[in-house]
2 protein chains.
Amino acid sequence: MAEIETSSSAAVEVVEGGITAPLGFRSASLHSGIKASGALDLALLAADESVPAAALFTTNLAKAAPVLVSRQHLDGTGARARAIVVNSGCANACTGENGLRDAREMARTAAEALGCAAEEILVASTGVIGVALPIASVTRGIRTAVSSLARDQGADAARAIMTTDPFPKEHAVAVHTAAGRFIVGGMAKGSGMIEPAMATMLGFLTTDAVIPPAWLQRALVESATDTFNAITVDGECSTNDSLFALASGSSGVAIDEASYPALVDGLRAVSRSLALGIVRGGEGATKLIAVTVRDAASEADARRVARTIANSPLVKTAVHGADPNWGRIVAAAGRAGVVFDIDRATVHIGGVLLFENGLPHDDAAPQAAEHLKRRTIEIDVSLGSTGGSAATIWTCDLSAEYVRINGEYRT
Amino acid sequence: MAEIETSSSAAVEVVEGGITAPLGFRSASLHSGIKASGALDLALLAADESVPAAALFTTNLAKAAPVLVSRQHLDGTGARARAIVVNSGCANACTGENGLRDAREMARTAAEALGCAAEEILVASTGVIGVALPIASVTRGIRTAVSSLARDQGADAARAIMTTDPFPKEHAVAVHTAAGRFIVGGMAKGSGMIEPAMATMLGFLTTDAVIPPAWLQRALVESATDTFNAITVDGECSTNDSLFALASGSSGVAIDEASYPALVDGLRAVSRSLALGIVRGGEGATKLIAVTVRDAASEADARRVARTIANSPLVKTAVHGADPNWGRIVAAAGRAGVVFDIDRATVHIGGVLLFENGLPHDDAAPQAAEHLKRRTIEIDVSLGSTGGSAATIWTCDLSAEYVRINGEYRT
């Protein structure tokens with residue numbers, strides 16, 4: 001990730017761990033009987049008491065039962081939560097009334113064991129759509145999880161939420177402010193069906209800063225814009241996308257107007273690491289591609305063009321094949337629905353100029369082809385407008401392995 | 001194609017041949033030195049005299065030189081043309097002023113040899129973007145082509161316009177009306193970068209009906225809506241998409257208000273055959289998928305949802321793997337940006353009900369999996385609205401072969 005700059009200030013420092021790196025959080029993970037492989041499929045993240053909570057959910061019309069239940073619970077508590085129960089291997093989506101009943105049962109079971117109200121429990125699921133949860137064994141698993149909560153189990157939780165993810169994704173930073181030091185941690189899962197429209201598949205952030213729920217929600221939205229909401233694996237927005245943040249307050253460092261930007265920086269640093277991890281671990285991915293569009297009339301224009309290029313199967317296969325095929329980049333930009341002057345546009349791959357003044361620079365193609373053999377690829381498009389707006393979207397290449405995984409995933 | 005119904009009336013009958021099936025047209029094809037393989041790469045389609053012409057061009061902002069030149073020529077002649085010169089192997093796109101000069105040179109050369117004005121020649125190119133035409137050998141080829149025009153060379157022309165197409169696409173029908181019988185013929189090339197926004201890659205239609213240019217243009221637009229404009233291979237709208245129609249009038253059958261619908265039927269029948277051929281011959285395609293969305297509030301809504309499903313890589317890979325994964329279909333419909341009630345929606349694959357009342361019918365999955373082993377797949381989604389509008393989009397499956405072709409196409 002050394003190649004990708006973050007916007008974090010120097011006051012943000014990477015530390016060990018993930019969701020339990022901030023004070024005031026414990027986690028537990030186990031196999032609850034969902035995955036036939038016997039792998040970890042249940043994670044519980046619990047604060048020591050009820051704490052401010054924030055969340056972003058999928059914009060897909062087909063919202064999974066845990067999304068509907070979590071949203072309802074956050075509304076009911078005024079955005080506070082005690083714990084989040086997560087299962088992998090089953091999305092509990094398109095499961096009708098029974099699915100809602102199961103999601104509520106997960107919350108009720110955790111609440112009983114923790115000694116809090118059911119509304120203080122948030123739930124999240126990921127996996128196959130349209131399959132019912134084995135709820136009896138899941139609730140047994142939840143009770144066991146509550147009895148084995150610990151501060152040092154964050155890494156296992158990041159494993160327990162995986163489906164086709166090739167590696168777990170967790171990250172934590174310490175944020176130094178005038179008021180003191182606090183920690184932001186997080187974990188996420190991704191892989192396929194990834195183009196978050198408000199949040200990503202499943203992301204969980206924790207902090208031990210002291211912050212009211214409304215500020216936490218605002219900071220979550222701000223930090224997601226150019227992290228979780230700026231990635232795409234396959235242009236598919238899932239039924240289950242959820243991003244949660246819990247703030248334990250255990251550090252005693254209260255966020256005020258002066259330190260709020262530092263909190264956003266901390267959330268952004270953790271979110272960016274997790275989001276780029278999702279792209280690097282995209283189904284069949286072998287390369288991380290940063291598509292930056294600059295000199296656009298507006299940031300929305302820049303984002304739209306970058307997104308169209310990032311979702312272009314022809315661009316993604318060309319990168320996979322290390323082919324500096326800038327023509328496909330120009331063609332994708334041209335169909336994005338954004339007005340610009342092709343003759344003033346430029347295309348760089350890995351800093352190598354390949355297209356300018358409406359003409360190729362094909363002498364530079366071998367140099368660009370060398371860049372494309374790396375693991376992190378930079379595509380830079382200038383739209384030549386005086387507007388000067390820019391945006392970056394991260395994606396991965398499209399490989400035959402993506403087709404194999406998704407042609408064989410369920411059957 | 002027996003599985004796909006056309007809207008053509010019984011007065012339309014399939015006949016032998018393609019673009020030269022209607023009276024008044026001749027064609028020639030040869031290798032002009034563009035393709036390194038030595039395969040056919042130049043086709044000339046000529047009417048016996050200047051005739052009414054109509055065209056639809058790509059909506060991509062990055063329009064190729066031949067698109068710009070052809071549009072200019074049609075404007076200049078009041079929509080009349082004598083001939084169309086087409087080359088494959090080089091798109092003459094993103095080639096700046098030199099590209100425009102080359103496209104005009106192709107037209108000028110053909111005009112001189114045919115003895116007409118340069119403006120009466122339309123040009124089309126397909127192949128790699130950003131590469132200059134070997135214009136000297138192309139113009140030599142054009143002169144040779146003019147001297148070898150014949151009525152029985154249509155099949156070779158359909159071959160000469162191919163790039164990665166696995167087979168040539170030509171079709172012709174006889175249309176019987178009260179005023180008499182006329183012929184509509186056509187050829188097309190497709191493969192990758194296919195999601196026409198106004199027309200498809202390259203399509204050429206001919207008829208020997210007598211019809212003024214304005215009516216021909218209107219009929220072309222009408223017939224393209226649910227044929228060329230209703231297909232997608234990879235969601236990529238090309239820089240070169242062009243659909244041309246020429247009407248020689250040689251049958252002596254004049255199109256009036258009574259016979260106009262029959263002409264549209266004839267154009268639609270030929271266009272549908274060619275458009276479905278493009279999808280069947282899509283890069284790496286092994287299956288044709290018809291995605292029909294019905295019970296939508298408007299036709300635009302139906303088309304938008306159908307297009308989102310048809311472009312979903314997760315749906316396309318599931319079909320490739322014969323996995324009746326209706327959950328991915330519901331998820332794609334849910335993110336299409338169209339409002340509907342998930343609990344009133346249904347999903348059928350091959351006529352088998354898999355999702356209804358917000359719940360799976362997984363007992364029927366094996367039956368749907370059988371249907372998915374066929375070469376033509378039917379996906380049917382009802383949005384449950386009382387609006388009752390419907391639309392069909394045709395696409396193909398996504399295979400590892402698509403990735404191979406596009407990762408290796410140029411380098």
# chains A, B, ... in the order shown; residues from 1 in each chain; ligands from 1
$ interface_residues --of "chain A" --to "chain B" --cutoff "8 Å" --atoms "only C-alpha atoms" --output "ChimeraX atom specification"
/A:59-62,94-96,128-131,193,234-239,312-314,317-323,325,327-328,330-332,334-335,339-340,342,357-360,398-401,403-404,406-408,410-411
$ write_last_selection --atoms "N, CA and C atoms" --output "short mmCIF file (atom, residue, chain, number, x, y, z; two decimals), in the first residue's frame"
data_model
loop_
_atom_site.label_atom_id
_atom_site.label_comp_id
_atom_site.auth_asym_id
_atom_site.auth_seq_id
_atom_site.Cartn_x
_atom_site.Cartn_y
_atom_site.Cartn_z
N THR A 59 -27.80 0.36 -0.46
CA THR A 59 -28.92 1.05 -1.10
C THR A 59 -29.70 0.09 -1.98
N ASN A 60 -29.29 -1.18 -2.02
CA ASN A 60 -30.04 -2.16 -2.81
C ASN A 60 -31.47 -2.27 -2.27
N LEU A 61 -32.42 -2.34 -3.20
CA LEU A 61 -33.84 -2.44 -2.83
C LEU A 61 -34.11 -3.74 -2.10
N ALA A 62 -33.35 -4.77 -2.45
CA ALA A 62 -33.51 -6.07 -1.81
C ALA A 62 -32.59 -6.12 -0.60
N CYS A 94 -33.46 -12.35 1.07
CA CYS A 94 -34.55 -12.96 0.30
C CYS A 94 -35.08 -14.18 1.04
N THR A 95 -35.26 -14.03 2.32
CA THR A 95 -35.72 -15.14 3.16
C THR A 95 -37.05 -14.80 3.83
N GLY A 96 -37.67 -13.68 3.43
CA GLY A 96 -39.02 -13.35 3.88
C GLY A 96 -39.15 -13.18 5.39
N VAL A 128 -24.41 -16.90 0.95
CA VAL A 128 -25.35 -17.19 -0.13
C VAL A 128 -26.71 -16.55 0.14
N ILE A 129 -27.32 -16.00 -0.92
CA ILE A 129 -28.64 -15.38 -0.82
C ILE A 129 -29.71 -16.47 -0.89
N GLY A 130 -30.78 -16.28 -0.12
CA GLY A 130 -31.96 -17.14 -0.30
C GLY A 130 -31.91 -18.45 0.45
N VAL A 131 -30.99 -18.57 1.38
CA VAL A 131 -30.89 -19.79 2.17
C VAL A 131 -31.18 -19.44 3.62
N MET A 193 -19.57 -9.33 -5.46
CA MET A 193 -20.75 -8.49 -5.28
C MET A 193 -20.36 -7.21 -4.56
N ASP A 234 -16.75 -5.74 -8.89
CA ASP A 234 -17.49 -6.19 -10.07
C ASP A 234 -18.73 -5.37 -10.37
N GLY A 235 -18.84 -4.19 -9.75
CA GLY A 235 -19.99 -3.34 -10.04
C GLY A 235 -21.29 -3.83 -9.43
N GLU A 236 -21.21 -4.83 -8.56
CA GLU A 236 -22.42 -5.40 -7.97
C GLU A 236 -22.61 -4.88 -6.55
N CYS A 237 -23.74 -4.19 -6.29
CA CYS A 237 -24.05 -3.70 -4.95
C CYS A 237 -24.86 -4.77 -4.25
N SER A 238 -24.36 -5.24 -3.13
CA SER A 238 -24.95 -6.41 -2.46
C SER A 238 -26.22 -6.10 -1.69
N THR A 239 -26.93 -7.15 -1.31
CA THR A 239 -28.13 -7.03 -0.48
C THR A 239 -27.79 -6.82 0.98
N SER A 312 -15.09 -1.34 -16.22
CA SER A 312 -15.03 -1.82 -17.60
C SER A 312 -14.34 -3.19 -17.66
N PRO A 313 -15.06 -4.22 -18.09
CA PRO A 313 -14.42 -5.55 -18.19
C PRO A 313 -13.26 -5.54 -19.18
N LEU A 314 -13.33 -4.69 -20.20
CA LEU A 314 -12.23 -4.65 -21.18
C LEU A 314 -10.97 -4.02 -20.58
N THR A 317 -9.62 -6.68 -18.00
CA THR A 317 -8.93 -7.83 -18.61
C THR A 317 -7.61 -7.37 -19.23
N ALA A 318 -7.57 -6.16 -19.78
CA ALA A 318 -6.31 -5.66 -20.35
C ALA A 318 -5.25 -5.54 -19.26
N VAL A 319 -5.64 -5.00 -18.09
CA VAL A 319 -4.69 -4.90 -16.98
C VAL A 319 -4.25 -6.30 -16.56
N HIS A 320 -5.21 -7.21 -16.51
CA HIS A 320 -4.87 -8.61 -16.15
C HIS A 320 -3.80 -9.15 -17.10
N GLY A 321 -3.94 -8.85 -18.40
CA GLY A 321 -3.00 -9.33 -19.40
C GLY A 321 -1.79 -8.41 -19.59
N ALA A 322 -1.63 -7.40 -18.72
CA ALA A 322 -0.52 -6.44 -18.79
C ALA A 322 -0.43 -5.77 -20.16
N ASP A 323 -1.61 -5.48 -20.75
CA ASP A 323 -1.68 -4.83 -22.05
C ASP A 323 -1.98 -3.35 -21.85
N ASN A 325 -3.50 -1.01 -23.02
CA ASN A 325 -4.53 -0.73 -24.03
C ASN A 325 -5.30 0.53 -23.65
N GLY A 327 -6.67 2.65 -25.41
CA GLY A 327 -7.87 2.86 -26.24
C GLY A 327 -9.13 2.43 -25.50
N ARG A 328 -9.03 1.34 -24.73
CA ARG A 328 -10.19 0.88 -23.96
C ARG A 328 -10.51 1.85 -22.83
N VAL A 330 -9.97 5.17 -22.98
CA VAL A 330 -10.62 6.31 -23.65
C VAL A 330 -12.07 5.96 -24.00
N ALA A 331 -12.28 4.74 -24.51
CA ALA A 331 -13.63 4.32 -24.90
C ALA A 331 -14.55 4.27 -23.67
N ALA A 332 -14.05 3.78 -22.55
CA ALA A 332 -14.86 3.71 -21.32
C ALA A 332 -15.18 5.12 -20.84
N GLY A 334 -15.38 7.73 -22.61
CA GLY A 334 -16.27 8.35 -23.58
C GLY A 334 -17.72 7.94 -23.44
N ARG A 335 -17.96 6.78 -22.83
CA ARG A 335 -19.35 6.33 -22.68
C ARG A 335 -19.88 6.56 -21.27
N VAL A 339 -19.61 15.00 -20.17
CA VAL A 339 -19.15 15.75 -21.34
C VAL A 339 -17.74 16.28 -21.12
N PHE A 340 -16.84 15.98 -22.03
CA PHE A 340 -15.49 16.57 -22.00
C PHE A 340 -14.93 16.53 -23.42
N ILE A 342 -12.36 15.27 -25.91
CA ILE A 342 -11.41 14.17 -26.09
C ILE A 342 -10.03 14.70 -26.48
N ASN A 357 -3.72 15.08 -26.95
CA ASN A 357 -4.11 15.79 -28.17
C ASN A 357 -4.80 14.88 -29.18
N GLY A 358 -5.59 13.91 -28.68
CA GLY A 358 -6.33 13.02 -29.57
C GLY A 358 -5.47 11.98 -30.25
N LEU A 359 -4.20 11.85 -29.81
CA LEU A 359 -3.27 10.96 -30.51
C LEU A 359 -2.53 10.03 -29.55
N PRO A 360 -2.20 8.82 -30.03
CA PRO A 360 -1.44 7.86 -29.22
C PRO A 360 0.03 8.26 -29.06
N LEU A 398 -9.74 -8.34 -13.83
CA LEU A 398 -10.74 -9.40 -14.05
C LEU A 398 -10.02 -10.61 -14.63
N SER A 399 -10.05 -11.70 -13.90
CA SER A 399 -9.30 -12.89 -14.31
C SER A 399 -10.24 -14.06 -14.57
N ALA A 400 -9.72 -15.07 -15.20
CA ALA A 400 -10.50 -16.29 -15.44
C ALA A 400 -10.93 -16.90 -14.11
N GLU A 401 -10.15 -16.64 -13.05
CA GLU A 401 -10.46 -17.17 -11.73
C GLU A 401 -11.78 -16.58 -11.19
N VAL A 403 -14.36 -15.88 -12.96
CA VAL A 403 -15.41 -16.66 -13.65
C VAL A 403 -15.54 -18.03 -13.00
N ARG A 404 -14.38 -18.65 -12.69
CA ARG A 404 -14.42 -19.98 -12.09
C ARG A 404 -15.12 -19.92 -10.73
N ASN A 406 -17.26 -17.76 -9.54
CA ASN A 406 -18.67 -17.41 -9.56
C ASN A 406 -19.52 -18.34 -10.40
N GLY A 407 -18.89 -19.14 -11.24
CA GLY A 407 -19.63 -20.17 -11.95
C GLY A 407 -19.81 -21.40 -11.07
N GLU A 408 -18.99 -21.51 -10.03
CA GLU A 408 -19.02 -22.73 -9.22
C GLU A 408 -19.35 -22.47 -7.77
N ARG A 410 -21.95 -21.75 -5.84
CA ARG A 410 -23.04 -22.30 -5.05
C ARG A 410 -23.28 -23.78 -5.29
N THR A 411 -23.24 -24.20 -6.57
CA THR A 411 -23.65 -25.57 -6.87
C THR A 411 -22.52 -26.56 -6.65
#
$ residues_around --residues "Val85 in chain B" --least-positions-apart "3" --cutoff "8 Å" --atoms "only C-alpha atoms" --output "PyMOL selection string"
chain B and resi 42-45+106-107+110+121-124+142
$ residues_around --residues "Arg181 in chain A" --least-positions-apart "3" --cutoff "12 Å" --atoms "only C-alpha atoms" --output "list of chain:residue names"
A:Ala11, A:Val12, A:Glu13, A:Pro22, A:Leu23, A:Val173, A:Ala174, A:Val175, A:His176, A:Thr177, A:Ala178, A:Val184, A:Thr207, A:Asp208, A:Ala209, A:Val210, A:Gly249, A:Ser250, A:Ser251, A:Gly252, A:Val253, A:Ala254, A:Ile255, A:Ser259, A:Ala262, A:Leu263, A:Gly266
$ closest_residue --among "B:Met162, B:Leu202, B:Ile34, B:Cys396" --to "Ile231 in chain B" --atoms "only C-alpha atoms"
B:Cys396
$ atom_distance --atom1 "CA of Arg26 in chain B" --atom2 "CA of Asn229 in chain B"
27.4 Å
$ atom_distance --atom1 "CA of Ser88 in chain B" --atom2 "CA of Thr227 in chain B"
22.9 Å
$ decode --residues "range 22-45 of chain B" --atoms "C-alpha atoms" --output "PDB file, in the first residue's frame"
ATOM      1  CA  PRO B  22     -32.195  -7.271 -52.341  1.00  0.00           C
ATOM      2  CA  LEU B  23     -31.997  -6.148 -55.972  1.00  0.00           C
ATOM      3  CA  GLY B  24     -29.735  -3.239 -56.849  1.00  0.00           C
ATOM      4  CA  PHE B  25     -26.737  -4.108 -54.640  1.00  0.00           C
ATOM      5  CA  ARG B  26     -23.338  -5.669 -55.279  1.00  0.00           C
ATOM      6  CA  SER B  27     -20.383  -6.319 -53.001  1.00  0.00           C
ATOM      7  CA  ALA B  28     -16.713  -7.249 -53.053  1.00  0.00           C
ATOM      8  CA  SER B  29     -14.246  -8.350 -50.387  1.00  0.00           C
ATOM      9  CA  LEU B  30     -10.508  -8.874 -50.220  1.00  0.00           C
ATOM     10  CA  HIS B  31      -7.415  -8.769 -48.019  1.00  0.00           C
ATOM     11  CA  SER B  32      -6.039  -5.242 -48.243  1.00  0.00           C
ATOM     12  CA  GLY B  33      -3.029  -5.678 -45.975  1.00  0.00           C
ATOM     13  CA  ILE B  34      -4.458  -4.664 -42.579  1.00  0.00           C
ATOM     14  CA  LYS B  35      -4.711  -8.059 -40.882  1.00  0.00           C
ATOM     15  CA  ALA B  36      -1.357  -9.750 -40.363  1.00  0.00           C
ATOM     16  CA  SER B  37      -3.091 -13.124 -40.811  1.00  0.00           C
ATOM     17  CA  GLY B  38      -3.835 -12.367 -44.468  1.00  0.00           C
ATOM     18  CA  ALA B  39      -7.593 -12.815 -43.836  1.00  0.00           C
ATOM     19  CA  LEU B  40     -10.268 -10.724 -45.586  1.00  0.00           C
ATOM     20  CA  ASP B  41     -10.245  -7.221 -44.095  1.00  0.00           C
ATOM     21  CA  LEU B  42     -11.990  -4.974 -46.635  1.00  0.00           C
ATOM     22  CA  ALA B  43     -15.608  -5.058 -47.828  1.00  0.00           C
ATOM     23  CA  LEU B  44     -17.338  -2.797 -50.322  1.00  0.00           C
ATOM     24  CA  LEU B  45     -21.116  -2.613 -50.553  1.00  0.00           C
TER      25      LEU B  45
END
